[in-house]
Amino acid sequence: MANKNTYLLIEFVALFCITPPLLAYLKPHGMIYFILWIAAFLAWLWMRSQGYSLKNDWNHRVVGKISFTGIFLQLFLITYALLMFTVVIVPERLFSLPLQKPGLWIMVLILYPLLSVIPQEILFRSFFFKRYKELFKTQVNLIIASAVSFGWVHIILLNWVAVVFSIFGGLIFARTYAKTSSLAASCAEHAIYGCIIFTLGLGYYFYHGAVR
């Protein structure tokens, strides 16, 4: 067990601590989504070898059983905080995408969940929770490690806003995944918050190469 955990720790450090700044240094630009999907596919292959079922993990039926009162309150408060951040820090970007490029904005709302959210959630929720549960021992530790790793990988965007915001977002998505055992629920939440960020004008910090 000790040897296995040592190997898992080395693997975790290599994949989730060293690789993101290495990619930031190499600046692969248009290759980011390709790398993301390859990583998610390899993660799926490993999980499949362990008896993983994407259909069971997706578990969309649980979404209809969730109490939405707390979720809507959380969504309102976080959206308000993001709005205030935009108004105070980058007021010139407020609603810039839907106002200046409505066609691109609609495309982002449609494609972002499919091209970005799903592979990220497979990697940082499904794979992470299954691969490293013995390393981090408790669900709370897994949630924190997943969130910090999710935030740290955004270092490839070369700005602190993406990293910090993604850590907080990672805590929300990882907690949802741990609570519901539903990849559909965490993907939906991730997609909603991501689309809000792009709508408010903060997408500037979240697409590769925007910030130097």
# chains A, B, ... in the order shown; residues from 1 in each chain; ligands from 1

call {"tool": "residues_around", "arguments": {"residues": "Glu189 of chain A", "least_positions_apart": "5", "cutoff": "12 Å", "atoms": "only C-alpha atoms", "output": "PyMOL selection string"}}
result
chain A and resi 63+68+71-72+74-75+113+117-118+121+169-177+182-184+194-196

call {"tool": "residues_around", "arguments": {"residues": "Phe128 of chain A", "least_positions_apart": "6", "cutoff": "10 Å", "atoms": "only C-alpha atoms", "output": "JSON, numbers by chain"}}
result
{"A": [12, 43, 121, 122, 142, 143, 145, 146, 149, 174]}

call {"tool": "closest_residue", "arguments": {"among": "A:Leu202, A:Val163, A:Ala188, A:Leu97", "to": "Leu82 of chain A", "atoms": "only C-alpha atoms"}}
result
A:Leu202

call {"tool": "residues_around", "arguments": {"residues": "Leu8 of chain A", "least_positions_apart": "5", "cutoff": "9 Å", "atoms": "only C-alpha atoms", "output": "list in words"}}
result
Asn3, Val13, Arg131, Tyr132, Glu134 and Leu135 of chain A

call {"tool": "closest_atom_pairs", "arguments": {"of": "segment 71-171 of chain A", "to": "segment 14-35 of chain A", "cutoff": "12 Å", "atoms": "only C-alpha atoms", "output": "CSV"}}
result
residue,atom,partner,partner_atom,distance
A:Leu111,CA,A:Tyr33,CA,12.0
A:Tyr112,CA,A:Tyr33,CA,10.8
A:Leu114,CA,A:Tyr33,CA,11.1
A:Leu115,CA,A:Tyr33,CA,7.4
A:Ser116,CA,A:Tyr33,CA,7.2
A:Val117,CA,A:Tyr33,CA,10.7
A:Ile118,CA,A:Tyr33,CA,11.4
A:Pro119,CA,A:Tyr33,CA,9.1
A:Gln120,CA,A:Tyr33,CA,10.1
A:Leu123,CA,A:Phe16,CA,10.5
A:Phe124,CA,A:Phe16,CA,9.8
A:Phe128,CA,A:Phe16,CA,10.1
A:Tyr132,CA,A:Phe16,CA,11.7
A:Ala145,CA,A:Phe16,CA,9.9
A:Ser146,CA,A:Phe16,CA,9.6
A:Ala147,CA,A:Phe16,CA,11.2
A:Val148,CA,A:Phe16,CA,9.5
A:Ser149,CA,A:Phe16,CA,5.9
A:Phe150,CA,A:Phe16,CA,8.3
A:Gly151,CA,A:Phe16,CA,10.1
A:Trp152,CA,A:Pro20,CA,7.1
A:Val153,CA,A:Pro20,CA,5.0
A:His154,CA,A:Pro20,CA,7.4
A:Ile155,CA,A:Pro21,CA,6.3
A:Ile156,CA,A:Ala24,CA,4.1
A:Leu157,CA,A:Ala24,CA,7.1
A:Leu158,CA,A:Ala24,CA,6.9
A:Asn159,CA,A:Ala24,CA,10.5
A:Val163,CA,A:Pro20,CA,11.2

call {"tool": "write_last_selection", "arguments": {"atoms": "N, CA, C and O atoms", "output": "CSV table (one decimal), in the first residue's frame"}}
result
chain,number,residue,atom,x,y,z
A,111,LEU,N,-20.8,25.7,-27.6
A,111,LEU,CA,-19.7,24.8,-27.7
A,111,LEU,C,-18.8,24.6,-26.4
A,111,LEU,O,-18.2,23.6,-26.3
A,112,TYR,N,-18.8,25.7,-25.6
A,112,TYR,CA,-18.0,25.6,-24.4
A,112,TYR,C,-18.3,24.4,-23.5
A,112,TYR,O,-17.4,23.6,-23.1
A,114,LEU,N,-19.6,21.6,-24.4
A,114,LEU,CA,-19.2,20.3,-25.1
A,114,LEU,C,-17.7,20.1,-25.3
A,114,LEU,O,-17.2,19.0,-25.0
A,115,LEU,N,-17.0,21.2,-25.7
A,115,LEU,CA,-15.6,21.0,-26.0
A,115,LEU,C,-14.7,21.2,-24.8
A,115,LEU,O,-13.6,20.6,-24.8
A,116,SER,N,-15.1,21.9,-23.8
A,116,SER,CA,-14.2,22.2,-22.6
A,116,SER,C,-14.7,21.6,-21.3
A,116,SER,O,-13.9,21.0,-20.6
A,117,VAL,N,-16.0,21.7,-21.0
A,117,VAL,CA,-16.5,21.3,-19.7
A,117,VAL,C,-16.4,19.8,-19.5
A,117,VAL,O,-15.9,19.3,-18.5
A,118,ILE,N,-16.9,19.1,-20.5
A,118,ILE,CA,-17.0,17.6,-20.4
A,118,ILE,C,-15.6,16.9,-20.2
A,118,ILE,O,-15.5,16.2,-19.2
A,119,PRO,N,-14.6,17.2,-21.0
A,119,PRO,CA,-13.3,16.6,-20.7
A,119,PRO,C,-12.7,17.0,-19.4
A,119,PRO,O,-12.0,16.3,-18.7
A,120,GLN,N,-12.9,18.3,-19.0
A,120,GLN,CA,-12.4,18.8,-17.7
A,120,GLN,C,-13.0,18.0,-16.6
A,120,GLN,O,-12.3,17.6,-15.6
A,123,LEU,N,-11.7,14.5,-16.3
A,123,LEU,CA,-10.3,14.5,-15.7
A,123,LEU,C,-10.3,14.8,-14.2
A,123,LEU,O,-9.8,14.0,-13.4
A,124,PHE,N,-11.0,15.9,-13.9
A,124,PHE,CA,-10.8,16.4,-12.5
A,124,PHE,C,-11.9,16.0,-11.5
A,124,PHE,O,-11.7,16.2,-10.3
A,128,PHE,N,-10.1,11.8,-11.3
A,128,PHE,CA,-9.4,12.3,-10.1
A,128,PHE,C,-9.9,11.5,-8.8
A,128,PHE,O,-9.1,11.0,-8.0
A,132,TYR,N,-7.2,8.8,-7.2
A,132,TYR,CA,-6.5,9.2,-6.1
A,132,TYR,C,-7.2,9.1,-4.7
A,132,TYR,O,-6.8,9.8,-3.8
A,145,ALA,N,-8.1,18.7,-3.0
A,145,ALA,CA,-7.1,18.4,-4.0
A,145,ALA,C,-7.6,18.6,-5.4
A,145,ALA,O,-6.8,19.1,-6.3
A,146,SER,N,-8.8,18.1,-5.7
A,146,SER,CA,-9.3,18.2,-7.0
A,146,SER,C,-9.5,19.7,-7.4
A,146,SER,O,-9.2,20.1,-8.5
A,147,ALA,N,-10.0,20.5,-6.5
A,147,ALA,CA,-10.2,21.9,-6.7
A,147,ALA,C,-8.9,22.7,-7.0
A,147,ALA,O,-8.8,23.5,-7.9
A,148,VAL,N,-7.9,22.4,-6.1
A,148,VAL,CA,-6.6,23.1,-6.3
A,148,VAL,C,-5.9,22.7,-7.6
A,148,VAL,O,-5.4,23.5,-8.3
A,149,SER,N,-6.0,21.4,-7.9
A,149,SER,CA,-5.4,20.9,-9.1
A,149,SER,C,-6.1,21.5,-10.3
A,149,SER,O,-5.5,21.9,-11.3
A,150,PHE,N,-7.4,21.6,-10.3
A,150,PHE,CA,-8.2,22.2,-11.3
A,150,PHE,C,-7.9,23.7,-11.5
A,150,PHE,O,-7.8,24.2,-12.6
A,151,GLY,N,-7.7,24.4,-10.4
A,151,GLY,CA,-7.3,25.8,-10.5
A,151,GLY,C,-5.9,25.9,-11.0
A,151,GLY,O,-5.6,26.8,-11.9
A,152,TRP,N,-5.0,25.1,-10.6
A,152,TRP,CA,-3.6,25.2,-10.9
A,152,TRP,C,-3.3,24.9,-12.4
A,152,TRP,O,-2.5,25.6,-13.1
A,153,VAL,N,-4.1,24.0,-13.0
A,153,VAL,CA,-4.0,23.8,-14.4
A,153,VAL,C,-4.3,25.0,-15.3
A,153,VAL,O,-3.8,25.1,-16.4
A,154,HIS,N,-5.0,25.9,-14.7
A,154,HIS,CA,-5.3,27.2,-15.5
A,154,HIS,C,-4.1,28.1,-15.5
A,154,HIS,O,-4.3,29.2,-16.1
A,155,ILE,N,-3.0,27.7,-14.9
A,155,ILE,CA,-1.8,28.5,-15.0
A,155,ILE,C,-1.4,28.7,-16.5
A,155,ILE,O,-0.6,29.6,-16.9
A,156,ILE,N,-1.8,27.7,-17.3
A,156,ILE,CA,-1.5,27.8,-18.8
A,156,ILE,C,-2.1,29.1,-19.4
A,156,ILE,O,-1.6,29.5,-20.5
A,157,LEU,N,-3.0,29.7,-18.7
A,157,LEU,CA,-3.6,30.9,-19.3
A,157,LEU,C,-2.9,32.2,-18.8
A,157,LEU,O,-3.2,33.3,-19.2
A,158,LEU,N,-1.8,32.0,-18.0
A,158,LEU,CA,-0.9,33.0,-17.6
A,158,LEU,C,-1.5,34.2,-16.9
A,158,LEU,O,-1.1,35.4,-17.2
A,159,ASN,N,-2.5,34.0,-16.1
A,159,ASN,CA,-3.0,35.1,-15.3
A,159,ASN,C,-3.5,34.5,-14.0
A,159,ASN,O,-4.1,33.4,-13.9
A,163,VAL,N,-6.6,31.2,-12.4
A,163,VAL,CA,-6.2,30.2,-11.4
A,163,VAL,C,-7.1,30.3,-10.1
A,163,VAL,O,-7.7,29.3,-9.6

call {"tool": "closest_residue", "arguments": {"among": "A:Phe198, A:Ser181, A:Phe206, A:Pro98", "to": "Gln139 of chain A", "atoms": "only C-alpha atoms"}}
result
A:Ser181
